[in-house]
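First comes the structure, then the notes that go with it.
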Amino acid sequence: MRTRLVYALFGLTAALLGVATGHLVASLLNPASSPVLAVGSTVIDLTPTPMKEWAIRQFGSNDKTILVGSVLLVVLLLAAVAGVLARRRLAIGAGMLVVLVAVAAAAALNRPAADALDLVPSLFTALAGVAALWWLDRAYRTGAVLRDDGAGAERLTLGADDRAPSRRGVLVALGVIAAATAVMGGAGRLIGRLRSRPEDIDLPAAAEPAPALPKGIEGDVPGMTSFRTPSKDFYRVDTRLDTPVISADDWSLTIDGDVDKELTFSFDDLLGMPLIERDITLTCVSNSVGGPYVGAARWTGVRLTDLLDMAGVGSKADQILSTDFEGMTISTPLDLATDGRDAMVALGMNGAGLPRAHGFPARLVIPGLYGFISATKWVTRLTLTTYAEKSAYWTDKDWDTDAPIKISARIDTPNALDELPKGENLIGGVAWAQQKDGVAKVEVRVDGGPWKPAELGPDGGNDYWRQWVYRWDAEPGQHTIAARVTSGDGEVQTAATAEPFPGGSSGIHEFLVSVA
Ligand SMILES: Nc1nc2c(c(=O)[nH]1)N[C@H]1C(S)=C(S)[C@@H](COP(=O)(O)O)O[C@H]1N2
Ligand SMILES: [Mo]
């Protein structure tokens with residue numbers, strides 16, 4: 001039993017070294033080819049939509065950490081089994097490690113833009129893992145031979161159980177391997193961070209600048225969401241586990257498909273065109289009522305219709321199929337993207353180049369449409385085509401093709417189940433109604449009573465969210481508080497609840513607080 005545990009530990013240690021080695025090599029070549037990340041991404045792609053929705057609801061923005069953690073846990077469990085197998089025959093345990101790595105290699109090769117180089121991290125993982133297992137096994141058995149010296153060489157052929165292992169040799173091997181794992185793991189992370197540092201670009205002044213954004217009311221209302229979301233705090237939703245590192249010099253945007261002439265633009269070409277600057281609130285279709293997947297920023301970019309007009313859109317196309325640098329696709333209804341709204345190929349966010357996580361060098365931003373049909377990050381191609389001819393990543397998973405952002409109000413302060421003092425309390429949050437003439441009114445309801453108007457914060461434009469605050473004279477006891485928005489074009493936020501799938505959540509944000 002004891003040697004089984006020891007060998008399980010050997011398997012685990014060997015796997016950790018392998019994973020750290022693979023991750024380090026991947027951080028130098030292509031972060032997405034890191035064995036654990038490759039398996040994780042494949043799991044994301046294979047997970048049925050309802051389960052994904054469940055995971056997002058359950059774990060929120062930790063969903064990816066939990067996914068990577070789970071993959072790692074399964075790998076370590078299997079590696080422990082491989083270790084136990086190695087006790088009898090090293091080759092069998094090592095073989096199982098290699099099979100495990102082969103699964104990761106297959107996952108890496110199956111990524112949309114994979115090439116043969118993506119096998120290299122897996123190769124290193126396998127080498128490091130097997131070498132570590134071999135060394136640990138040898139240290140263990142060498143001890144046995146030394147101690148059994150004189151008892152006859154035939155002892156060598158007996159099972160490991162019958163041997164007295166060398167504690168020291170094994171501990172030295174374990175220590176060295178653990179140290180190597182820590183160093184490589186640390187180096188991999190450091191290199192990943194260094195490589196994904198933002199690239200400095202000089203964002204030219206916009207030909208059509210946006211008016212200065214008024215000062216928000218976050219300073220006056222504790223717990224209020226800031227009027228502008230700092231780029232580093234902006235929500236992130238994508239199918240990736242790593243941050244792509246794309247150089248602006250290597251990047252280009254091609255417009256093809258049903259066009260008069262196919263065009264390709266370099267990053268500098270786009271920077272040289274007249275830029276528009278707009279304050280736009282992005283929203284994710286996976287956001288639950290009251291959820292965090294919404295953010296407001298100032299975007300700078302080239303008007304989408306300027307580019308489409310240069311290419312000359314044909315008469316057949318009904319969608320823009322945008323493709324990211326790795327072949328991930330998003331479908332946008334052509335009529336909505338070109339109906340006069342401020343759709344753009346964005347090159348800047350909040351006055352600087354896009355952060356890598358948010359699409360550097362360029363992404364689409366189209367107000368009023370959920371991100372999954374509009375906001376392609378790391379975009380490299382816009383293909384004018386039809387829904388009949390081509391389908392995109394989420395369309396294939398049965399999400400809606402036409403998905404306007406549903407109007408919604410979110411309560412950001414107080415939080416659910418907070419204990420509040422009696423007397424005046426501020427209830428506050430944000431509300432959005434992009435492409436619906438903005439936020440006209442926000443109302444608050446306490447304990448299912450009448451809806452009462454909240455005060456609105458400053459106006460950042462119709463495609464931007466609006467802060468709101470309600471002064472509540474609270475009586476002791478348990479209370480439910482709720483908020484709803486009315487858009488400028490007269491729509492009142494519906495109480496009918498809908499899940500995010502397939503066209504966005506609806507319902508009223510309402511929860512319980514207690515007043516002492
Ligand atoms: N290339 C790429 N672009 C993408 C996605 C993606 O997975 N890959 N996710 C989309 C979704 S679902 C949303 S809501 C927005 C989120 O943009 P953000 O991460 O900058 O907030 O990006 C969109 N663009
Ligand atoms: Mo999204």
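The chains in the structure tokens are called A, B, ... from first to last as shown; in each chain the residues are counted from 1, and the ligands are counted from 1 in the order shown.
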Cut-off 7 Å: closest chain A/ligand 2 atom pairs per residue, using only C-alpha atoms and all ligand atoms, as CSV:
residue,atom,partner,partner_atom_place_in_ligand_line,distance
A:Val237,CA,ligand 2,1 (Mo),5.8
A:Thr283,CA,ligand 2,1 (Mo),6.8
A:Cys284,CA,ligand 2,1 (Mo),3.5
A:Val285,CA,ligand 2,1 (Mo),4.8
A:Ser286,CA,ligand 2,1 (Mo),5.7
A:Tyr370,CA,ligand 2,1 (Mo),6.2
A:Gly371,CA,ligand 2,1 (Mo),4.6
A:Phe372,CA,ligand 2,1 (Mo),4.5
Selection from above, N, CA, C and O atoms, as a compact mmCIF listing (two decimals), in the first residue's frame, can you write it?
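Just written: part.txt:
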# COMPACT_ATOMS: atom_id res chain seq x y z
N VAL A 237 -15.19 38.21 -22.11
CA VAL A 237 -15.86 36.96 -22.47
C VAL A 237 -15.35 36.53 -23.83
O VAL A 237 -15.51 37.24 -24.82
N THR A 283 -22.42 44.65 -24.11
CA THR A 283 -23.15 43.72 -23.25
C THR A 283 -23.02 42.32 -23.82
O THR A 283 -23.07 42.12 -25.03
N CYS A 284 -22.86 41.36 -22.92
CA CYS A 284 -22.74 39.96 -23.35
C CYS A 284 -24.09 39.28 -23.21
O CYS A 284 -24.80 39.46 -22.22
N VAL A 285 -24.41 38.47 -24.19
CA VAL A 285 -25.68 37.74 -24.18
C VAL A 285 -25.75 36.78 -22.99
O VAL A 285 -26.83 36.43 -22.53
N SER A 286 -24.60 36.36 -22.49
CA SER A 286 -24.57 35.43 -21.35
C SER A 286 -24.81 36.13 -20.02
O SER A 286 -24.83 35.47 -18.98
N TYR A 370 -25.68 42.30 -28.98
CA TYR A 370 -24.86 41.55 -28.03
C TYR A 370 -23.50 41.22 -28.66
O TYR A 370 -23.39 41.02 -29.87
N GLY A 371 -22.49 41.12 -27.81
CA GLY A 371 -21.13 40.93 -28.28
C GLY A 371 -20.93 39.72 -29.17
O GLY A 371 -20.11 39.74 -30.09
N PHE A 372 -21.70 38.65 -28.93
CA PHE A 372 -21.46 37.41 -29.68
C PHE A 372 -21.91 37.50 -31.13
O PHE A 372 -21.59 36.62 -31.92
Which residues in region 209-410 of chain A does DSSP call strand (DSSP E)? List them as number ranges by chain. A: 252-257, 263-266, 275-283, 294-303, 319-324, 329-333, 344-349, 352-353, 363-365, 379-385, 408-410
Residues of chain A that have any atom at most 7 Å from an atom of ligand 1: could you tabulate them with the shortest-distance atom pair and the distance in Å to one decimal, using only C-alpha atoms and all ligand atoms, ordered by chain and increasing number, as a tab-separated table?
residue	atom	partner	partner_atom_place_in_ligand_line	distance
A:Phe234	CA	ligand 1	21 (O)	6.1
A:Tyr235	CA	ligand 1	21 (O)	4.7
A:Arg236	CA	ligand 1	19 (O)	3.3
A:Val237	CA	ligand 1	19 (O)	4.2
A:Asp238	CA	ligand 1	7 (O)	3.0
A:Thr239	CA	ligand 1	7 (O)	4.0
A:Arg240	CA	ligand 1	7 (O)	6.4
A:Leu282	CA	ligand 1	21 (O)	6.9
A:Thr283	CA	ligand 1	14 (S)	5.8
A:Cys284	CA	ligand 1	14 (S)	3.6
A:Val285	CA	ligand 1	14 (S)	6.3
A:Asp324	CA	ligand 1	1 (N)	4.9
A:Met328	CA	ligand 1	1 (N)	5.8
A:Ala357	CA	ligand 1	19 (O)	6.7
A:His358	CA	ligand 1	20 (O)	4.0
A:Gly359	CA	ligand 1	20 (O)	6.7
A:Tyr370	CA	ligand 1	14 (S)	6.3
A:Gly371	CA	ligand 1	14 (S)	3.7
A:Phe372	CA	ligand 1	12 (S)	3.8
A:Ser374	CA	ligand 1	23 (C)	6.8
A:Ala375	CA	ligand 1	23 (C)	4.4
A:Thr376	CA	ligand 1	3 (N)	3.7
A:Lys377	CA	ligand 1	3 (N)	3.8
A:Trp378	CA	ligand 1	1 (N)	5.6
A:Val379	CA	ligand 1	1 (N)	6.5
Residues near Leu321 (chain A), anyone? I mean within 9 Å using only C-alpha atoms, not counting same-chain ones fewer than 5 positions away, as a PyMOL selection string. chain A and resi 329-333+381-387+390-392
Ala102 (chain A): which residues within 12 Å, counting only C-alpha atoms, same-chain residues fewer than 2 positions away excluded, as a ChimeraX atom specification? /A:35-36,38-39,95-100,104-109,119-127
In terms of the shortest atom-to-atom distance over only C-alpha atoms, which of A:Asp342, A:Asp220, A:Glu326, A:Asp115 is closest to Asp463 (chain A)?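 For Asp463 (chain A), the nearest of the candidates is A:Asp342.
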Which polymer residues have any atom within 9 Å of an atom of Ile246 (chain A), counting only C-alpha atoms, with same-chain residues fewer than 6 positions away left out, as a CSV table (one decimal) with C-alpha atoms, in the first residue's frame?
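Result written to part_17.csv:
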chain,number,residue,atom,x,y,z
A,196,SER,CA,1.3,40.0,-23.4
A,325,PHE,CA,-6.8,35.7,-36.3
A,356,ARG,CA,-4.6,42.5,-25.9
A,360,PHE,CA,-5.5,44.2,-30.0
A,361,PRO,CA,-4.8,45.3,-32.8
A,378,TRP,CA,-8.5,40.2,-33.0
Thr13 (chain A): which residues within 10 Å, counting only C-alpha atoms, same-chain residues fewer than 3 positions away excluded, as a ChimeraX atom specification? /A:7-10,16-19,76,79-80,83,129,132-133,136,174-175,177-178,181
Identify, on the basis of only C-alpha atoms, every residue whose closest approach to Ser506 (chain A) does not exceed 10 Å; exclude the query and any residue fewer than 4 positions from it along the same chain; express the result as an NGL selection string. :A and (287-290 or 406-408 or 493-500)
Selected residues, N, CA, C and O atoms, written as a PDB file, in the first residue's frame, please.
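Output file part_28.pdb follows:
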ATOM      1  N   ASN A 287     -24.954  37.440 -20.054  1.00  0.00           N
ATOM      2  CA  ASN A 287     -25.177  38.167 -18.810  1.00  0.00           C
ATOM      3  C   ASN A 287     -26.565  37.842 -18.255  1.00  0.00           C
ATOM      4  O   ASN A 287     -27.563  37.986 -18.955  1.00  0.00           O
ATOM      5  N   SER A 288     -26.630  37.406 -16.998  1.00  0.00           N
ATOM      6  CA  SER A 288     -27.924  37.230 -16.354  1.00  0.00           C
ATOM      7  C   SER A 288     -28.430  38.593 -15.923  1.00  0.00           C
ATOM      8  O   SER A 288     -27.640  39.537 -15.820  1.00  0.00           O
ATOM      9  N   VAL A 289     -29.722  38.692 -15.634  1.00  0.00           N
ATOM     10  CA  VAL A 289     -30.252  39.945 -15.110  1.00  0.00           C
ATOM     11  C   VAL A 289     -29.462  40.288 -13.841  1.00  0.00           C
ATOM     12  O   VAL A 289     -29.294  39.446 -12.962  1.00  0.00           O
ATOM     13  N   GLY A 290     -28.928  41.502 -13.792  1.00  0.00           N
ATOM     14  CA  GLY A 290     -28.125  41.904 -12.637  1.00  0.00           C
ATOM     15  C   GLY A 290     -26.671  41.459 -12.719  1.00  0.00           C
ATOM     16  O   GLY A 290     -25.895  41.692 -11.795  1.00  0.00           O
ATOM     17  N   LYS A 406     -31.127  43.528 -24.899  1.00  0.00           N
ATOM     18  CA  LYS A 406     -32.357  43.831 -24.173  1.00  0.00           C
ATOM     19  C   LYS A 406     -32.096  44.928 -23.137  1.00  0.00           C
ATOM     20  O   LYS A 406     -31.047  44.921 -22.496  1.00  0.00           O
ATOM     21  N   ILE A 407     -33.070  45.832 -22.975  1.00  0.00           N
ATOM     22  CA  ILE A 407     -32.880  46.920 -22.012  1.00  0.00           C
ATOM     23  C   ILE A 407     -32.905  46.341 -20.600  1.00  0.00           C
ATOM     24  O   ILE A 407     -33.599  45.361 -20.332  1.00  0.00           O
ATOM     25  N   SER A 408     -32.125  46.939 -19.711  1.00  0.00           N
ATOM     26  CA  SER A 408     -32.044  46.372 -18.368  1.00  0.00           C
ATOM     27  C   SER A 408     -31.500  47.378 -17.364  1.00  0.00           C
ATOM     28  O   SER A 408     -30.683  48.235 -17.714  1.00  0.00           O
ATOM     29  N   GLN A 493     -38.953  47.911 -19.310  1.00  0.00           N
ATOM     30  CA  GLN A 493     -38.276  46.630 -19.090  1.00  0.00           C
ATOM     31  C   GLN A 493     -39.280  45.566 -18.653  1.00  0.00           C
ATOM     32  O   GLN A 493     -40.042  45.776 -17.710  1.00  0.00           O
ATOM     33  N   THR A 494     -39.267  44.442 -19.321  1.00  0.00           N
ATOM     34  CA  THR A 494     -40.248  43.398 -19.039  1.00  0.00           C
ATOM     35  C   THR A 494     -39.917  42.641 -17.754  1.00  0.00           C
ATOM     36  O   THR A 494     -38.744  42.479 -17.407  1.00  0.00           O
ATOM     37  N   ALA A 495     -40.974  42.168 -17.087  1.00  0.00           N
ATOM     38  CA  ALA A 495     -40.785  41.330 -15.904  1.00  0.00           C
ATOM     39  C   ALA A 495     -40.705  39.858 -16.307  1.00  0.00           C
ATOM     40  O   ALA A 495     -40.354  39.006 -15.488  1.00  0.00           O
ATOM     41  N   ALA A 496     -41.033  39.563 -17.558  1.00  0.00           N
ATOM     42  CA  ALA A 496     -40.998  38.171 -18.021  1.00  0.00           C
ATOM     43  C   ALA A 496     -39.560  37.681 -18.007  1.00  0.00           C
ATOM     44  O   ALA A 496     -38.679  38.307 -18.599  1.00  0.00           O
ATOM     45  N   THR A 497     -39.323  36.566 -17.326  1.00  0.00           N
ATOM     46  CA  THR A 497     -37.941  36.119 -17.209  1.00  0.00           C
ATOM     47  C   THR A 497     -37.551  35.252 -18.401  1.00  0.00           C
ATOM     48  O   THR A 497     -38.341  34.451 -18.899  1.00  0.00           O
ATOM     49  N   ALA A 498     -36.322  35.445 -18.856  1.00  0.00           N
ATOM     50  CA  ALA A 498     -35.740  34.587 -19.887  1.00  0.00           C
ATOM     51  C   ALA A 498     -34.308  34.304 -19.484  1.00  0.00           C
ATOM     52  O   ALA A 498     -33.639  35.148 -18.873  1.00  0.00           O
ATOM     53  N   GLU A 499     -33.835  33.117 -19.792  1.00  0.00           N
ATOM     54  CA  GLU A 499     -32.434  32.755 -19.569  1.00  0.00           C
ATOM     55  C   GLU A 499     -31.595  33.388 -20.674  1.00  0.00           C
ATOM     56  O   GLU A 499     -32.132  33.752 -21.726  1.00  0.00           O
ATOM     57  N   PRO A 500     -30.282  33.501 -20.482  1.00  0.00           N
ATOM     58  CA  PRO A 500     -29.430  34.061 -21.538  1.00  0.00           C
ATOM     59  C   PRO A 500     -29.579  33.335 -22.884  1.00  0.00           C
ATOM     60  O   PRO A 500     -29.637  33.978 -23.933  1.00  0.00           O
TER      61      PRO A 500
END
Which residue, A:Pro31, A:Pro367, A:Pro244, A:Gly438, has the smallest gap to Gly488 (chain A) when you use only C-alpha atoms?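 The closest residue to Gly488 (chain A) is A:Gly438.
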Expected answer as a ChimeraX atom specification: alpha helix (DSSP H) residues in region 168-297 of chain A: /A:168-195,267-271
Please indicate the distance in Å from CA of Ser322 (chain A) to CA of Gly301 (chain A), rounded to one decimal place.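 Interatomic distance, CA of Ser322 (chain A) to CA of Gly301 (chain A): 16.2 Å.
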Residue among A:Leu29, A:Ala55, A:Ala362, A:Val485 lying closest to Gly188 (chain A), counting only C-alpha atoms: A:Leu29
Have a look at A:Leu308, A:Ala131, A:Met224, A:Val259 and name the one nearest to Ala431 (chain A); count only C-alpha atoms.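 Selected residue with least distance to Ala431 (chain A): A:Met224.
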My list of candidates is A:Gly219, A:Lys436, A:Gln467, A:Ala482. Which is closest to Gly449 (chain A) when distances are computed with only C-alpha atoms? A:Ala482
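Pairwise distance (CA of Ile481 (chain A), CA of Pro458 (chain A)) equals 23.2 Å.
With only C-alpha atoms as the atoms that count, the minimum distance from Leu46 (chain A) to the choices A:Asn30, A:Val365, A:Tyr393, A:Ile92 is reached by A:Tyr393.
Coordinates place CA of Ser252 (chain A) at a distance of 19.4 Å from CA of Trp299 (chain A).
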